[in-house]
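Text of data.csv, listed as CSV, C-alpha atoms:
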```csv
chain,number,residue,atom,x,y,z
T,154,MET,CA,0.0,0.0,0.0
T,155,ALA,CA,1.4,3.4,-0.9
T,156,ALA,CA,2.0,5.7,2.0
T,157,SER,CA,0.2,9.0,1.8
T,158,PHE,CA,2.0,12.2,2.9
T,159,THR,CA,0.6,15.5,3.8
T,160,LYS,CA,2.6,18.7,3.8
T,161,LEU,CA,1.8,21.2,6.5
T,162,PRO,CA,2.5,24.8,6.2
T,163,LEU,CA,5.2,26.4,8.3
T,164,HIS,CA,4.4,27.0,12.0
T,165,THR,CA,1.5,24.6,12.1
T,166,SER,CA,0.9,22.3,15.1
T,167,ILE,CA,-0.3,18.8,14.8
T,168,THR,CA,-3.3,17.8,16.8
T,169,GLU,CA,-6.2,15.3,16.8
T,170,HIS,CA,-8.1,18.0,15.0
T,171,HIS,CA,-5.9,17.7,11.9
T,172,PHE,CA,-5.8,13.9,11.8
T,173,PRO,CA,-8.6,12.5,13.9
T,174,ASN,CA,-8.4,8.9,12.6
T,175,LEU,CA,-4.6,8.4,13.1
T,176,GLY,CA,-4.7,8.5,16.9
T,177,ILE,CA,-2.3,11.4,17.1
T,178,PRO,CA,-2.6,12.8,20.6
T,179,LYS,CA,-2.9,16.5,21.2
T,180,LEU,CA,0.6,18.1,21.6
T,181,TYR,CA,-0.5,20.8,23.9
T,182,GLN,CA,-3.0,21.1,26.7
T,183,SER,CA,-4.3,24.0,28.8
T,184,SER,CA,-2.0,24.9,31.7
T,185,SER,CA,-4.9,25.5,34.0
T,186,THR,CA,-8.5,24.6,34.5
T,187,ASN,CA,-9.2,28.3,34.9
T,188,PRO,CA,-11.4,29.3,31.9
T,189,ASN,CA,-9.9,32.8,32.0
T,190,SER,CA,-6.3,31.5,31.6
T,191,SER,CA,-4.9,31.2,28.1
T,192,PRO,CA,-3.7,27.8,26.8
T,193,GLN,CA,0.0,27.1,26.2
T,194,GLN,CA,1.1,28.1,22.7
T,195,PRO,CA,1.3,25.1,20.4
T,196,PRO,CA,4.8,24.1,19.4
T,197,ARG,CA,6.1,25.5,16.2
T,198,PHE,CA,7.9,23.7,13.4
T,199,SER,CA,10.5,25.4,11.2
T,200,ARG,CA,10.0,23.0,8.2
T,201,HIS,CA,7.4,20.9,6.5
T,202,LEU,CA,6.5,17.6,8.1
T,203,LYS,CA,5.7,14.4,6.3
T,204,ILE,CA,3.1,12.4,8.1
T,205,LYS,CA,2.9,8.7,7.2
T,206,ALA,CA,-0.4,6.9,7.9
T,207,ILE,CA,0.3,3.7,9.9
T,208,THR,CA,-2.0,0.9,8.9
T,209,LYS,CA,-2.1,-2.8,9.9
T,210,PRO,CA,-1.2,-5.2,7.1
T,211,ILE,CA,-4.1,-7.1,5.7
T,212,ALA,CA,-3.8,-10.9,6.1
T,213,MET,CA,-4.0,-12.4,2.6
T,214,GLU,CA,-5.4,-15.9,2.2
T,215,PRO,CA,-3.3,-18.0,-0.2
T,216,GLU,CA,-5.1,-18.9,-3.4
T,217,LYS,CA,-6.4,-22.4,-3.2
T,218,VAL,CA,-5.6,-24.3,-6.4
T,219,GLU,CA,-8.2,-27.0,-6.7
T,220,ALA,CA,-7.6,-30.3,-8.4
T,221,SER,CA,-10.1,-31.7,-10.9
T,222,ALA,CA,-12.9,-34.0,-9.9
T,223,ASP,CA,-10.9,-37.2,-10.4
T,224,ASN,CA,-8.2,-36.2,-7.9
T,225,SER,CA,-8.5,-36.1,-4.1
T,226,GLY,CA,-8.2,-32.6,-2.9
T,227,PRO,CA,-6.3,-29.5,-3.9
T,228,MET,CA,-3.0,-29.6,-5.7
T,229,LYS,CA,0.0,-28.9,-3.5
T,230,LEU,CA,1.3,-25.7,-5.2
T,231,LEU,CA,5.1,-25.3,-5.5
T,232,PHE,CA,5.4,-22.2,-7.8
T,233,VAL,CA,3.7,-20.2,-10.6
T,234,GLU,CA,5.2,-19.4,-13.9
T,235,MET,CA,3.9,-16.4,-15.9
T,236,GLY,CA,4.2,-15.5,-19.6
T,237,VAL,CA,2.9,-13.3,-22.4
T,238,GLY,CA,2.3,-14.4,-26.0
T,239,TYR,CA,1.6,-12.4,-29.1
T,240,ASP,CA,0.3,-13.1,-32.6
T,241,GLN,CA,1.2,-9.9,-34.5
T,242,HIS,CA,0.2,-11.3,-37.9
T,243,GLY,CA,-2.5,-13.7,-38.9
T,244,GLN,CA,-4.9,-13.0,-36.0
T,245,ASN,CA,-4.6,-16.5,-34.4
T,246,ILE,CA,-5.5,-16.4,-30.7
T,247,THR,CA,-4.4,-20.1,-30.2
T,248,ALA,CA,-0.9,-19.2,-31.5
T,249,ALA,CA,-0.8,-16.3,-29.0
T,250,ALA,CA,-1.9,-18.6,-26.2
T,251,MET,CA,0.7,-21.2,-27.1
T,252,ARG,CA,3.5,-18.5,-27.1
T,253,ALA,CA,2.3,-17.3,-23.7
T,254,CYS,CA,2.6,-20.8,-22.2
T,255,LYS,CA,6.0,-21.3,-23.9
T,256,ASP,CA,7.1,-18.0,-22.4
T,257,ALA,CA,6.0,-19.0,-19.0
T,258,ILE,CA,7.9,-22.3,-18.9
T,259,SER,CA,10.9,-21.6,-21.2
T,260,SER,CA,13.1,-19.9,-18.6
T,261,ASN,CA,12.7,-22.4,-15.8
T,262,SER,CA,14.1,-25.8,-15.0
T,263,ILE,CA,12.4,-28.1,-12.5
T,264,PRO,CA,15.0,-30.7,-11.4
T,265,ALA,CA,13.3,-31.4,-8.1
T,266,PHE,CA,10.8,-33.7,-9.6
T,267,ARG,CA,13.3,-35.8,-11.6
T,268,ARG,CA,15.9,-36.0,-8.7
T,269,GLY,CA,13.4,-36.9,-6.0
T,270,SER,CA,14.1,-33.7,-4.0
T,271,ILE,CA,10.5,-33.8,-2.7
T,272,PRO,CA,10.2,-36.8,-0.4
T,273,GLY,CA,7.6,-39.2,-1.6
T,274,VAL,CA,7.0,-37.4,-4.9
T,275,SER,CA,8.1,-38.9,-8.2
T,276,PHE,CA,8.5,-37.2,-11.6
T,277,GLY,CA,5.2,-38.7,-12.7
T,278,GLU,CA,3.3,-36.9,-10.0
T,279,MET,CA,3.9,-33.4,-11.4
T,280,LYS,CA,0.6,-31.5,-11.9
T,281,LEU,CA,-0.2,-28.4,-13.8
T,282,GLN,CA,-3.0,-25.9,-14.0
T,283,ILE,CA,-3.1,-23.3,-16.7
T,284,LYS,CA,-4.9,-20.0,-16.5
T,285,LEU,CA,-5.1,-17.9,-19.7
T,286,GLY,CA,-6.2,-14.3,-20.0
T,287,VAL,CA,-7.8,-14.0,-23.4
T,288,PRO,CA,-9.9,-11.2,-24.9
T,289,HIS,CA,-13.5,-12.2,-24.4
T,290,SER,CA,-14.5,-11.9,-28.1
T,291,LEU,CA,-11.8,-14.4,-29.1
T,292,GLN,CA,-12.3,-17.1,-26.4
T,293,SER,CA,-14.6,-19.3,-28.5
T,294,SER,CA,-11.9,-19.7,-31.2
T,295,LEU,CA,-9.2,-20.8,-28.7
T,296,ASP,CA,-8.0,-24.4,-29.3
T,297,ILE,CA,-7.4,-25.7,-25.8
T,298,GLU,CA,-5.9,-29.0,-27.0
T,299,ARG,CA,-3.3,-27.3,-29.1
T,300,VAL,CA,-2.4,-25.1,-26.1
T,301,LYS,CA,-1.9,-28.2,-23.9
T,302,SER,CA,0.5,-29.6,-26.5
T,303,VAL,CA,3.1,-27.0,-25.4
T,304,PHE,CA,3.8,-28.7,-22.1
T,305,PRO,CA,6.3,-31.6,-22.5
T,306,TYR,CA,5.4,-33.3,-19.2
T,307,GLY,CA,3.2,-33.0,-16.1
T,308,GLU,CA,-0.5,-33.9,-15.8
T,309,ILE,CA,-2.6,-31.0,-16.8
T,310,LEU,CA,-5.5,-30.9,-14.4
T,311,ASN,CA,-7.4,-28.0,-16.1
T,312,VAL,CA,-7.1,-25.0,-18.3
T,313,GLU,CA,-9.1,-22.0,-17.2
T,314,VAL,CA,-9.8,-19.2,-19.6
T,315,VAL,CA,-10.7,-15.8,-18.2
T,316,ASP,CA,-11.2,-12.3,-19.7
T,317,GLY,CA,-7.9,-10.7,-20.2
T,318,GLY,CA,-5.2,-10.2,-22.8
T,319,LEU,CA,-5.5,-7.5,-25.4
T,320,ILE,CA,-6.3,-6.7,-29.0
T,321,CYS,CA,-4.3,-3.8,-30.4
T,322,SER,CA,-3.0,-2.7,-33.7
T,323,SER,CA,0.3,-4.1,-35.0
T,324,GLY,CA,0.6,-0.9,-37.1
T,325,VAL,CA,0.8,-2.7,-40.4
T,326,TYR,CA,-1.3,-5.0,-42.6
T,327,VAL,CA,0.9,-7.8,-44.2
T,328,GLU,CA,-1.3,-9.9,-46.5
T,329,GLU,CA,1.5,-12.4,-47.3
T,330,MET,CA,1.8,-13.2,-43.5
T,331,GLY,CA,-1.9,-14.1,-43.4
T,332,ASP,CA,-3.2,-10.8,-42.0
T,333,LYS,CA,-6.9,-10.2,-42.2
T,334,ASN,CA,-6.4,-6.7,-40.6
T,335,GLU,CA,-3.9,-4.9,-38.5
T,336,ASP,CA,-4.9,-6.6,-35.2
T,337,CYS,CA,-2.3,-8.0,-32.8
T,338,TYR,CA,-3.6,-10.5,-30.3
T,339,ILE,CA,-2.0,-10.7,-26.8
T,340,VAL,CA,-2.6,-13.5,-24.2
T,341,ASN,CA,-1.4,-13.7,-20.6
T,342,ALA,CA,-0.6,-17.1,-19.0
T,343,ALA,CA,-0.1,-18.3,-15.5
T,344,VAL,CA,1.1,-21.9,-15.1
T,345,TYR,CA,0.6,-23.4,-11.6
T,346,VAL,CA,3.1,-26.2,-10.9
T,347,GLY,CA,2.7,-28.7,-8.0
T,348,TYR,CA,1.9,-32.3,-7.1
```
Go ahead and render the structure in this file as structure tokens.
Amino acid sequence: MAASFTKLPLHTSITEHHFPNLGIPKLYQSSSTNPNSSPQQPPRFSRHLKIKAITKPIAMEPEKVEASADNSGPMKLLFVEMGVGYDQHGQNITAAAMRACKDAISSNSIPAFRRGSIPGVSFGEMKLQIKLGVPHSLQSSLDIERVKSVFPYGEILNVEVVDGGLICSSGVYVEEMGDKNEDCYIVNAAVYVGY
């Protein structure tokens, strides 16, 4: 959460009146209970003050990654790989989704499964869940089976497609590359890896 700062003008005192919700106590009190006596002068500051709001952190619940109906309970999540894929020419949302998945997995190596680093878990027990952000108008033309073919190993429990990604202009129409227009399709991918 970004901290908010307030600049006070020169010679300004800070009291509960200025920030009632921050629990700042009054910095000056009356010197007497006599109603005719004047209160002490508030302290003066010779420069601007930055006041930082103090808040308690919000406890975040970890996202539960549910297994498919044929598995018993949620997948034990180890890590999440993320990627972006583009189809600049040809307007093929499946190509963009496949590139997003390749981007997510291409800069990682997972030796823990092959080497038995996780006690009681063999290589054959790797499980994957894929979440794709695809522009809503293009979701019906996405070929999920082709997207799944990107993954060389691991049991794919499910592929979830949500509204996301982007349709933007590539800036050029190239008929010889299969373009129907100047649209560029962008897909975001999150690959959940566990066992």
Exercise. Please identify all polymer residues lying at most 7 Å from the point (-3.4, -19.1, -14.2) (file coordinates), using all atoms listed in the file, and present the result as a PyMOL selection string.
Key: chain T and resi 282-285+342-345
Self-check item: Contacts of range 337-339 of chain T within 6 Å, all atoms listed in the file, excl. fewer than 6 positions in-chain, as a VMD selection string
Solution: chain T and resid 238 to 241 318 to 323
Practice problem: Skip Asn261 in chain T itself and residues of its chain fewer than 5 positions away, then list as a PyMOL selection string all residues within 12 Å of it, counting only C-alpha atoms. | Solution: chain T and resi 232-236+255-256+344+346
How would the residues just chosen look if you wrote them out with C-alpha atoms as a PDB file, in the frame of the given file?
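Contents of part_36.pdb, freshly written:
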```
ATOM      1  CA  PHE T 232       5.400 -22.200  -7.800  1.00  0.00           C
ATOM      2  CA  VAL T 233       3.700 -20.200 -10.600  1.00  0.00           C
ATOM      3  CA  GLU T 234       5.200 -19.400 -13.900  1.00  0.00           C
ATOM      4  CA  MET T 235       3.900 -16.400 -15.900  1.00  0.00           C
ATOM      5  CA  GLY T 236       4.200 -15.500 -19.600  1.00  0.00           C
ATOM      6  CA  LYS T 255       6.000 -21.300 -23.900  1.00  0.00           C
ATOM      7  CA  ASP T 256       7.100 -18.000 -22.400  1.00  0.00           C
ATOM      8  CA  VAL T 344       1.100 -21.900 -15.100  1.00  0.00           C
ATOM      9  CA  VAL T 346       3.100 -26.200 -10.900  1.00  0.00           C
TER      10      VAL T 346
END
```
Self-check item: Length of the CA of Gly317 in chain T to CA of Ala249 in chain T vector [Å]
Solution: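 Taking CA of Gly317 in chain T as the start and CA of Ala249 in chain T as the end point, the length is 12.6 Å.
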Practice problem: Would you work out the distance separating CA of Val314 in chain T from CA of Ala248 in chain T, expressed in Å to one decimal? | Solution: 14.9 Å
Exercise. Between T:Met228, T:Asp316, T:Asp332, T:Gly277, single out the one closest to Ala265 in chain T, counting only C-alpha atoms.
Key: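 Of T:Met228, T:Asp316, T:Asp332, T:Gly277, the one nearest Ala265 in chain T is T:Gly277, counting only C-alpha atoms.
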Quiz item: Between CA of Val303 in chain T and CA of Arg267 in chain T, what is the spacing in Å?
Solution: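 One can read the CA of Arg267 in chain T to CA of Val303 in chain T distance as 19.3 Å.
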Quiz item: Of the residues T:Phe276, T:Met251, T:Asp336, T:Lys301, which is the one nearest to Gly324 in chain T, using only C-alpha atoms?
Solution: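 Of T:Phe276, T:Met251, T:Asp336, T:Lys301, the one nearest Gly324 in chain T, counting only C-alpha atoms, is T:Asp336.
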Quiz prompt | Contacts of range 269-275 of chain T at 12 Å (all atoms listed in the file; same-chain gap of 6+ positions) as an MDAnalysis selection string | solution = chainID T and resid 229 231 263 307 347:348
Quiz item: Which residues come within 9 Å of Glu328 in chain T, counting all atoms listed in the file, excluding same-chain residues fewer than 4 positions away, as a PyMOL selection string?
Solution: chain T and resi 242-243+332-334
As a CSV table (one decimal), in the coordinates of the input, could you write out range 266-299 of chain T once it has been completed with N, CA and C atoms?
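Dumped to out.csv:
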```
chain,number,residue,atom,x,y,z
T,266,PHE,N,11.6,-32.6,-9.4
T,266,PHE,CA,10.8,-33.7,-9.6
T,266,PHE,C,11.6,-34.9,-10.1
T,267,ARG,N,12.5,-34.7,-11.0
T,267,ARG,CA,13.3,-35.8,-11.6
T,267,ARG,C,14.3,-36.4,-10.5
T,268,ARG,N,14.8,-35.6,-9.7
T,268,ARG,CA,15.9,-36.0,-8.7
T,268,ARG,C,15.3,-36.5,-7.4
T,269,GLY,N,14.0,-36.4,-7.2
T,269,GLY,CA,13.4,-36.9,-6.0
T,269,GLY,C,13.7,-36.0,-4.8
T,270,SER,N,13.8,-34.7,-5.1
T,270,SER,CA,14.1,-33.7,-4.0
T,270,SER,C,12.9,-33.5,-3.1
T,271,ILE,N,11.7,-33.9,-3.6
T,271,ILE,CA,10.5,-33.8,-2.7
T,271,ILE,C,10.2,-35.2,-2.2
T,272,PRO,N,10.4,-35.4,-0.9
T,272,PRO,CA,10.2,-36.8,-0.4
T,272,PRO,C,8.8,-37.3,-0.7
T,273,GLY,N,8.8,-38.6,-1.3
T,273,GLY,CA,7.6,-39.2,-1.6
T,273,GLY,C,6.9,-38.8,-2.9
T,274,VAL,N,7.6,-37.9,-3.6
T,274,VAL,CA,7.0,-37.4,-4.9
T,274,VAL,C,7.9,-37.8,-6.0
T,275,SER,N,7.3,-38.5,-7.0
T,275,SER,CA,8.1,-38.9,-8.2
T,275,SER,C,7.8,-37.9,-9.3
T,276,PHE,N,8.6,-38.1,-10.4
T,276,PHE,CA,8.5,-37.2,-11.6
T,276,PHE,C,7.1,-37.3,-12.2
T,277,GLY,N,6.5,-38.5,-12.1
T,277,GLY,CA,5.2,-38.7,-12.7
T,277,GLY,C,4.0,-38.1,-12.0
T,278,GLU,N,4.3,-37.5,-10.8
T,278,GLU,CA,3.3,-36.9,-10.0
T,278,GLU,C,3.2,-35.3,-10.2
T,279,MET,N,4.0,-34.8,-11.1
T,279,MET,CA,3.9,-33.4,-11.4
T,279,MET,C,2.5,-33.0,-12.0
T,280,LYS,N,1.9,-32.0,-11.4
T,280,LYS,CA,0.6,-31.5,-11.9
T,280,LYS,C,0.7,-30.1,-12.3
T,281,LEU,N,-0.1,-29.8,-13.3
T,281,LEU,CA,-0.2,-28.4,-13.8
T,281,LEU,C,-1.6,-27.9,-13.9
T,282,GLN,N,-1.7,-26.6,-13.7
T,282,GLN,CA,-3.0,-25.9,-14.0
T,282,GLN,C,-2.6,-24.7,-14.7
T,283,ILE,N,-3.4,-24.4,-15.8
T,283,ILE,CA,-3.1,-23.3,-16.7
T,283,ILE,C,-4.2,-22.3,-16.6
T,284,LYS,N,-3.9,-21.0,-16.5
T,284,LYS,CA,-4.9,-20.0,-16.5
T,284,LYS,C,-4.5,-19.0,-17.6
T,285,LEU,N,-5.4,-18.7,-18.5
T,285,LEU,CA,-5.1,-17.9,-19.7
T,285,LEU,C,-6.0,-16.7,-19.6
T,286,GLY,N,-5.4,-15.5,-19.8
T,286,GLY,CA,-6.2,-14.3,-20.0
T,286,GLY,C,-6.3,-14.0,-21.5
T,287,VAL,N,-7.5,-14.1,-22.0
T,287,VAL,CA,-7.8,-14.0,-23.4
T,287,VAL,C,-8.9,-13.0,-23.7
T,288,PRO,N,-8.8,-12.1,-24.7
T,288,PRO,CA,-9.9,-11.2,-24.9
T,288,PRO,C,-11.2,-12.0,-25.1
T,289,HIS,N,-12.2,-11.5,-24.5
T,289,HIS,CA,-13.5,-12.2,-24.4
T,289,HIS,C,-14.1,-12.5,-25.8
T,290,SER,N,-14.0,-11.6,-26.7
T,290,SER,CA,-14.5,-11.9,-28.1
T,290,SER,C,-13.8,-13.0,-28.8
T,291,LEU,N,-12.6,-13.4,-28.4
T,291,LEU,CA,-11.8,-14.4,-29.1
T,291,LEU,C,-11.8,-15.8,-28.3
T,292,GLN,N,-12.4,-15.9,-27.2
T,292,GLN,CA,-12.3,-17.1,-26.4
T,292,GLN,C,-12.9,-18.3,-27.1
T,293,SER,N,-13.9,-18.1,-27.8
T,293,SER,CA,-14.6,-19.3,-28.5
T,293,SER,C,-13.7,-19.9,-29.6
T,294,SER,N,-12.8,-19.1,-30.1
T,294,SER,CA,-11.9,-19.7,-31.2
T,294,SER,C,-10.6,-20.2,-30.7
T,295,LEU,N,-10.4,-20.3,-29.3
T,295,LEU,CA,-9.2,-20.8,-28.7
T,295,LEU,C,-9.2,-22.3,-28.8
T,296,ASP,N,-8.2,-22.9,-29.3
T,296,ASP,CA,-8.0,-24.4,-29.3
T,296,ASP,C,-7.3,-24.9,-28.1
T,297,ILE,N,-8.0,-25.3,-27.1
T,297,ILE,CA,-7.4,-25.7,-25.8
T,297,ILE,C,-6.4,-26.9,-26.0
T,298,GLU,N,-6.8,-27.9,-26.8
T,298,GLU,CA,-5.9,-29.0,-27.0
T,298,GLU,C,-4.6,-28.7,-27.6
T,299,ARG,N,-4.5,-27.7,-28.5
T,299,ARG,CA,-3.3,-27.3,-29.1
T,299,ARG,C,-2.4,-26.5,-28.0
```
